[in-house]
Amino acid sequence: MRVAIAGGGLAGLACAKYLVDAGHTPIVLERQSVLGGLVAAWKDEDGDWVETGLHAFFGAYPNMLQLLKELGIEDRLQWKKHALIFNQPSKPGVLSRFDVPDIPAPWNVIVSILRNNDMLTWEQKIRFAIGLLPAIVRGQNYVEAMDKYTLLEWLRQQGVDETVNTDIFIAASKALTFINSDEVSATVPLTALNRFLRERYGSKIAFLDGAPPQRLCQPIVDYVTERGGTVRVNAPIKEILLNADGSVQQFVIRGSEGQPHEALTADAYVSAMSVDALKRLLPEAWRQDPFFQKLEGLEGVEVINVQLWFDCKLTEVDHLLFSRSPLLSVYADMSNTCREYANPNQSMLELVLAPAKDWVGRSDQDIIEATLAELAKLFPEQIPEPATVLKAKVVKTPRSVYRASPGRQAYRPSQITSVPNFFLAGSYTYQEYLGSMEGAVLSGKLTAQAIVTALLEANLADSGEFSAKVPTSPSMTNAATA
Ligand SMILES: Cc1cc2nc3c(=O)[nH]c(=O)nc-3n(C[C@H](O)[C@H](O)[C@H](O)COP(=O)(O)OP(=O)(O)OC[C@H]3O[C@@H](n4cnc5c(N)ncnc54)[C@H](O)[C@@H]3O)c2cc1C
């Protein structure tokens, strides 16, 4: 069966991978000249990689880890010491570590919290632990029910000290969702915390050993094309053409520079585009459909990635760092963390600027100056002097992962839509890993499974007609979890 997939991010590529595994023929159509979507990267005039975003992998990413294993490239993840490391705003240049010992969960995380005395007092630790009890005891159902509160509201309800919010949760919210804890749904950090407390290596962090399009996307492309699939770049979907019954008839691909548009016919169609891109392309006939109307409740959040090349070494830390700066979120010295970017003499910092709402409209120069002013607090002995910036790159993404404010869970669509031959993939679709690389891979896998199931049902019914049941709940999510 031919399946046309619009979007060559991780969701679209994972969907194609699992479709070829099931004996089908996917055709991935990516708008840009490079694959990867939010993990895309390209080389600049000097041959250095410029990335859309600093990406960290977690031990609690079972579907991503399984995919890497299936592709034979699991050794491309460079695992770091099991720890979370924070800057301390009150002590410029000083780091505070939560070192996680190699003992079973949840004791490993608990011991790491108990041992850290820089950031939390004993009283705060105890209040925080009591506040977390309902999430631990009642599990994911409780966590999902907390989607009506912001994280800050939830912390206040639990009687957790306000400084725990400023010390830890603002940094965690920004790292997970690019928004602050007074804006983020409590479900998001609680979901992450729950996983970290359940899985021994859940909070362990890894970096890819090079640029994602080459080291992660290309092996998926090779796997798919060796098995009969196709992956095309510079192939933007311009229109979704419908049959009289409202099902998809064709994807129309915009022709490049004076070339005619191309109509592509398949047996099933997938949107693996971002939710914002899909909303723009929705056919008129679908706009009143309650399934697609729900998409109005979702939109991508602003984020900015900054890369700075220095003439000297700023740090030897080989890890992700939580800056705890109002302007910045997480950052890493990629000359230490990533094999392909390794440099013993010069640092290349990659930093996520979030929340970025007030910054996406500003000039690159403004952003670089503001970033350096913040870095002067994190590296007071080197910045502004003696370190010199050799080069700076800014990548603005005005619409990235879905904005995870309270109430969004109810708007996240299942991979099966109300249109029998049309499916959705993307980290914004409903799956339990939120807007992450793991969420994207899992969504793609779930979409492939849904297509395969629908085909089987159609064959069983022997009607020759494509049919899919729209689930009333997103319970099928667990089926794909490794
Ligand atoms: C700065 C930043 C840092 C991040 N850090 C992390 C991290 O540390 N860990 C983590 O797990 N996740 C992180 N993420 C999130 C992660 O990158 C995303 O959740 C994931 O990559 C989303 O994949 P996707 O396939 O669902 O969507 P996307 O990557 O958005 O892919 C959608 C694709 O559709 C294409 N498309 C759009 N319109 C069309 C069209 N008309 N025709 C054809 N194609 C089209 C786009 O070009 C794109 O390639 C980060 C994201 C950013 C931006």
# chains A, B, ... in the order shown; residues from 1 in each chain; ligands from 1
>>> residues_around(residues="segment 7-9 of chain A", least_positions_apart="2", cutoff="7 Å", atoms="only C-alpha atoms", output="ChimeraX atom specification")
/A:5,11-13,28-31,35-38,271-273
>>> closest_atom_pairs(of="segment 33-60 of chain A", to="segment 308-325 of chain A", cutoff="12 Å", atoms="only C-alpha atoms", output="CSV")
residue,atom,partner,partner_atom,distance
A:Asp46,CA,A:Trp309,CA,12.0
A:Asp48,CA,A:Trp309,CA,10.0
A:Trp49,CA,A:Trp309,CA,11.4
A:Val50,CA,A:Leu308,CA,10.3
A:Glu51,CA,A:Leu308,CA,11.7
A:Leu54,CA,A:Leu320,CA,9.5
A:His55,CA,A:Leu320,CA,9.5
A:Ala56,CA,A:Leu320,CA,7.6
A:Phe57,CA,A:Leu320,CA,10.3
A:Phe58,CA,A:Leu320,CA,11.2
>>> select_by_dssp(residues="segment 227-389 of chain A", states="alpha helix (DSSP H)", output="MDAnalysis selection string")
chainID A and resid 275:281 290:293 334:337 364:378
>>> residues_around(residues="Asp333 of chain A", least_positions_apart="2", cutoff="7 Å", atoms="only C-alpha atoms", output="PyMOL selection string")
chain A and resi 335-337+347-350
>>> closest_residue(among="A:Ala461, A:Leu278, A:Ile73, A:Leu151", to="ligand 1", atoms="only C-alpha atoms and all ligand atoms")
A:Leu278
>>> atom_distance(atom1="atom CA of Ile220 of chain A", atom2="atom CA of Tyr402 of chain A")
24.6 Å
